Amino acid sequence: KLIDMILHDMEYVDDAERCRDMIAYVIAGFDTTACTLSFALRALAMNQNEQTKLRHQLRSHQSPGDARNCKQLKMTIKETFRMYPATAMGSFRTLGKELVLPWSKKILPKGSWVLTQYYCMQRDPGVFEDPNTFRPDRWENATAEQTKSLMLFSVGRRGCQGQGLANLEVNELLYKLISKYRFDVVEEGEPQSIVFFKPVGTLLSVSLAD
């Protein structure tokens with residue numbers, strides 16, 4: 001449906017522009033979501049108490065749409081986003097004006113390229129206590145600094161266009177999977193950054209949940 005909308009949108013200059021957006025949505029909107037979902041299932045399989053807690057909360061909701069209001073699901077997704085941003089290396093931006101770094105007073109001149117590395121920002125021990133531990137409940141009373149540090153979609157006018165689609169997909173898939181099935185670790189594997197940040201060598205077993 002999304003590709004069909006792009007195809008029939010007369011505001012595009014030509015088909016080349018349409019193709020660029022289609023490719024961007026397929027790569028950025030689906031591969032990144034697949035990586036995020038894989039990490040979420042891996043983290044929940046490695047933390048059975050969190051998986052059980054989430055399943056209990058999800059079963060009190062009647063549909064994926066209803067589950068969007070599930071507090072435990074929201075916190076689980078945020079914690080997955082924090083620990084495992086699909087675009088862990090971040091994004092480049094060109095400074096539109098001179099920037100003075102508040103902690104060192106060094107000046108970055110206008111026109112400088114700045115890399116915002118999401119992985120480092122979202123595991124900053126000065127912002128997140130015990131940053132390498134999967135703790136969804138840290139978002140129950142998140143500070144303003146913690147919320148602002150969750151940058152995986154970037155911010156502002158050049159933020160990720162597929163943010164809404166990604167959230168919708170992860171919400172719906174986790175609702176359908178965790179409410180019915182139990183996931184256990186067979187092979188833990190390890191996170192690697194290969195184009196996208198993804199779990200490599202991870203193998204999970206799946207069974208019907210009690």
# chains A, B, ... in the order shown; residues from 1 in each chain; ligands from 1
call {"tool": "closest_atom_pairs", "arguments": {"of": "stretch 85-158 of chain A", "to": "stretch 188-210 of chain A", "cutoff": "6 Å", "atoms": "only C-alpha atoms", "output": "JSON lines"}}
result
{"residue": "A:Ala86", "atom": "CA", "partner": "A:Phe197", "partner_atom": "CA", "distance": 4.7}
{"residue": "A:Thr87", "atom": "CA", "partner": "A:Phe196", "partner_atom": "CA", "distance": 5.5}
{"residue": "A:Ala88", "atom": "CA", "partner": "A:Phe197", "partner_atom": "CA", "distance": 5.9}
call {"tool": "residues_around", "arguments": {"residues": "A:Gln117", "least_positions_apart": "5", "cutoff": "7 Å", "atoms": "only C-alpha atoms", "output": "ChimeraX atom specification"}}
result
/A:88-91
call {"tool": "write_last_selection", "arguments": {"atoms": "all heavy atoms", "output": "compact mmCIF listing (two decimals), in the first residue's frame"}}
result
# COMPACT_ATOMS: atom_id res chain seq x y z
N ALA A 88 23.32 1.90 14.70
CA ALA A 88 24.13 2.20 15.89
C ALA A 88 25.21 3.25 15.63
O ALA A 88 25.58 4.01 16.53
CB ALA A 88 24.78 0.92 16.40
N MET A 89 25.72 3.30 14.40
CA MET A 89 26.78 4.27 14.09
C MET A 89 26.25 5.69 14.03
O MET A 89 27.02 6.65 14.02
CB MET A 89 27.43 3.91 12.75
CG MET A 89 28.27 2.64 12.81
SD MET A 89 29.61 2.74 14.02
CE MET A 89 30.64 3.99 13.26
N GLY A 90 24.93 5.85 13.98
CA GLY A 90 24.34 7.19 14.02
C GLY A 90 24.22 7.84 12.66
O GLY A 90 24.14 7.16 11.63
N SER A 91 24.25 9.15 12.66
CA SER A 91 24.07 9.89 11.41
C SER A 91 24.95 11.13 11.40
O SER A 91 25.32 11.65 12.45
CB SER A 91 22.60 10.30 11.24
OG SER A 91 22.19 11.12 12.33
call {"tool": "closest_residue", "arguments": {"among": "A:Ile23, A:Leu115, A:Leu173, A:Ile178", "to": "A:Gly65", "atoms": "only C-alpha atoms"}}
result
A:Leu173
call {"tool": "atom_distance", "arguments": {"atom1": "atom CA of A:Val170", "atom2": "atom CA of A:Ile77"}}
result
7.7 Å
call {"tool": "select_by_dssp", "arguments": {"residues": "stretch 115-182 of chain A", "states": "strand (DSSP E or B)", "output": "ChimeraX atom specification"}}
result
/A:115-116,181-182
call {"tool": "select_by_dssp", "arguments": {"residues": "stretch 5-200 of chain A", "states": "alpha helix (DSSP H)", "output": "ChimeraX atom specification"}}
result
/A:5-7,15-26,32-46,48-58,64-67,71-83,118-121,144-149,163-178
call {"tool": "closest_residue", "arguments": {"among": "A:Val127, A:Gln72, A:Ala34, A:Thr143", "to": "A:Ser60", "atoms": "only C-alpha atoms"}}
result
A:Gln72
call {"tool": "residues_around", "arguments": {"residues": "A:Lys53", "least_positions_apart": "2", "cutoff": "12 Å", "atoms": "only C-alpha atoms", "output": "number ranges by chain"}}
result
A: 44, 47-51, 55-60, 70-73, 75-76, 136-137, 178-179, 182
call {"tool": "write_last_selection", "arguments": {"atoms": "N, CA and C atoms", "output": "compact mmCIF listing (two decimals), in the first residue's frame"}}
result
# COMPACT_ATOMS: atom_id res chain seq x y z
N LEU A 44 14.52 -10.62 25.54
CA LEU A 44 13.46 -11.22 26.37
C LEU A 44 13.75 -12.68 26.66
N ASN A 47 16.19 -12.76 29.38
CA ASN A 47 15.66 -12.21 30.63
C ASN A 47 14.23 -12.71 30.81
N GLN A 48 14.11 -13.96 31.28
CA GLN A 48 12.81 -14.61 31.35
C GLN A 48 11.82 -13.88 32.26
N ASN A 49 12.30 -13.26 33.32
CA ASN A 49 11.38 -12.51 34.19
C ASN A 49 10.71 -11.37 33.44
N GLU A 50 11.49 -10.69 32.59
CA GLU A 50 10.93 -9.59 31.79
C GLU A 50 9.96 -10.13 30.76
N GLN A 51 10.28 -11.28 30.18
CA GLN A 51 9.39 -11.88 29.19
C GLN A 51 8.05 -12.28 29.83
N ARG A 55 4.39 -10.71 28.98
CA ARG A 55 3.31 -11.58 28.50
C ARG A 55 2.06 -11.40 29.37
N HIS A 56 2.25 -11.33 30.66
CA HIS A 56 1.12 -11.14 31.58
C HIS A 56 0.37 -9.84 31.26
N GLN A 57 1.10 -8.77 31.00
CA GLN A 57 0.47 -7.48 30.69
C GLN A 57 -0.21 -7.51 29.32
N LEU A 58 0.44 -8.14 28.33
CA LEU A 58 -0.13 -8.18 26.97
C LEU A 58 -1.43 -8.97 26.93
N ARG A 59 -1.55 -9.99 27.75
CA ARG A 59 -2.75 -10.82 27.72
C ARG A 59 -3.97 -10.12 28.30
N SER A 60 -3.77 -8.98 28.90
CA SER A 60 -4.90 -8.18 29.38
C SER A 60 -5.43 -7.25 28.29
N CYS A 70 -0.25 -0.48 26.25
CA CYS A 70 0.36 -1.32 27.29
C CYS A 70 1.68 -0.69 27.74
N LYS A 71 1.71 -0.28 28.99
CA LYS A 71 2.89 0.41 29.53
C LYS A 71 4.14 -0.47 29.47
N GLN A 72 3.99 -1.75 29.82
CA GLN A 72 5.14 -2.65 29.83
C GLN A 72 5.70 -2.85 28.43
N LEU A 73 4.82 -2.90 27.43
CA LEU A 73 5.27 -3.04 26.04
C LEU A 73 6.03 -1.80 25.59
N MET A 75 7.71 0.27 27.46
CA MET A 75 9.00 0.32 28.13
C MET A 75 9.97 -0.70 27.55
N THR A 76 9.45 -1.88 27.20
CA THR A 76 10.29 -2.92 26.60
C THR A 76 10.84 -2.47 25.25
N PRO A 136 13.78 -2.68 31.24
CA PRO A 136 12.66 -1.88 30.74
C PRO A 136 12.07 -0.93 31.78
N ASP A 137 12.12 -1.32 33.06
CA ASP A 137 11.49 -0.49 34.09
C ASP A 137 12.21 0.84 34.31
N ILE A 178 4.78 -12.51 21.76
CA ILE A 178 5.03 -12.72 23.19
C ILE A 178 3.77 -13.17 23.94
N SER A 179 2.60 -12.71 23.50
CA SER A 179 1.37 -13.10 24.20
C SER A 179 1.06 -14.59 24.03
N ARG A 182 6.62 -18.64 24.05
CA ARG A 182 7.77 -18.47 24.94
C ARG A 182 9.04 -18.63 24.11
call {"tool": "residues_around", "arguments": {"residues": "A:Lys110", "least_positions_apart": "2", "cutoff": "9 Å", "atoms": "only C-alpha atoms", "output": "ChimeraX atom specification"}}
result
/A:94-99,108,112-113
call {"tool": "atom_distance", "arguments": {"atom1": "atom CA of A:Lys148", "atom2": "atom CA of A:Gly164"}}
result
17.7 Å
call {"tool": "residues_around", "arguments": {"residues": "A:Thr36", "least_positions_apart": "4", "cutoff": "7 Å", "atoms": "only C-alpha atoms", "output": "PyMOL selection string"}}
result
chain A and resi 32+40+84+86
call {"tool": "write_last_selection", "arguments": {"atoms": "N, CA and C atoms", "output": "compact mmCIF listing (two decimals), in the first residue's frame"}}
result
# COMPACT_ATOMS: atom_id res chain seq x y z
N THR A 32 15.66 -2.45 9.28
CA THR A 32 15.94 -1.94 10.63
C THR A 32 14.94 -2.49 11.64
N ALA A 40 14.90 -7.59 20.33
CA ALA A 40 13.88 -7.62 21.39
C ALA A 40 13.59 -9.05 21.84
N TYR A 84 19.91 -1.37 21.56
CA TYR A 84 20.22 -1.96 20.25
C TYR A 84 19.69 -1.11 19.09
N ALA A 86 19.27 0.09 15.57
CA ALA A 86 19.62 -0.58 14.31
C ALA A 86 20.70 0.20 13.56
call {"tool": "atom_distance", "arguments": {"atom1": "atom CA of A:Asp130", "atom2": "atom CA of A:Ala166"}}
result
26.7 Å
call {"tool": "residues_around", "arguments": {"residues": "A:Lys176", "least_positions_apart": "4", "cutoff": "8 Å", "atoms": "only C-alpha atoms", "output": "PDB file with N, CA, C and O atoms, in the first residue's frame"}}
result
ATOM      1  N   PRO A  64      -3.760  -5.911  18.891  1.00  0.00           N
ATOM      2  CA  PRO A  64      -2.532  -5.119  18.761  1.00  0.00           C
ATOM      3  C   PRO A  64      -2.791  -3.627  18.944  1.00  0.00           C
ATOM      4  O   PRO A  64      -1.980  -2.921  19.542  1.00  0.00           O
ATOM      5  N   GLU A 172       2.987  -4.362  17.050  1.00  0.00           N
ATOM      6  CA  GLU A 172       2.062  -5.416  16.645  1.00  0.00           C
ATOM      7  C   GLU A 172       2.717  -6.791  16.696  1.00  0.00           C
ATOM      8  O   GLU A 172       2.124  -7.764  17.184  1.00  0.00           O
ATOM      9  N   LYS A 180       1.594 -15.222  22.962  1.00  0.00           N
ATOM     10  CA  LYS A 180       1.265 -16.617  22.690  1.00  0.00           C
ATOM     11  C   LYS A 180       2.437 -17.581  22.866  1.00  0.00           C
ATOM     12  O   LYS A 180       2.234 -18.763  23.137  1.00  0.00           O
TER      13      LYS A 180
END
call {"tool": "closest_residue", "arguments": {"among": "A:Leu177, A:Ala45, A:Ile107, A:Gln122", "to": "A:Met83", "atoms": "only C-alpha atoms"}}
result
A:Gln122
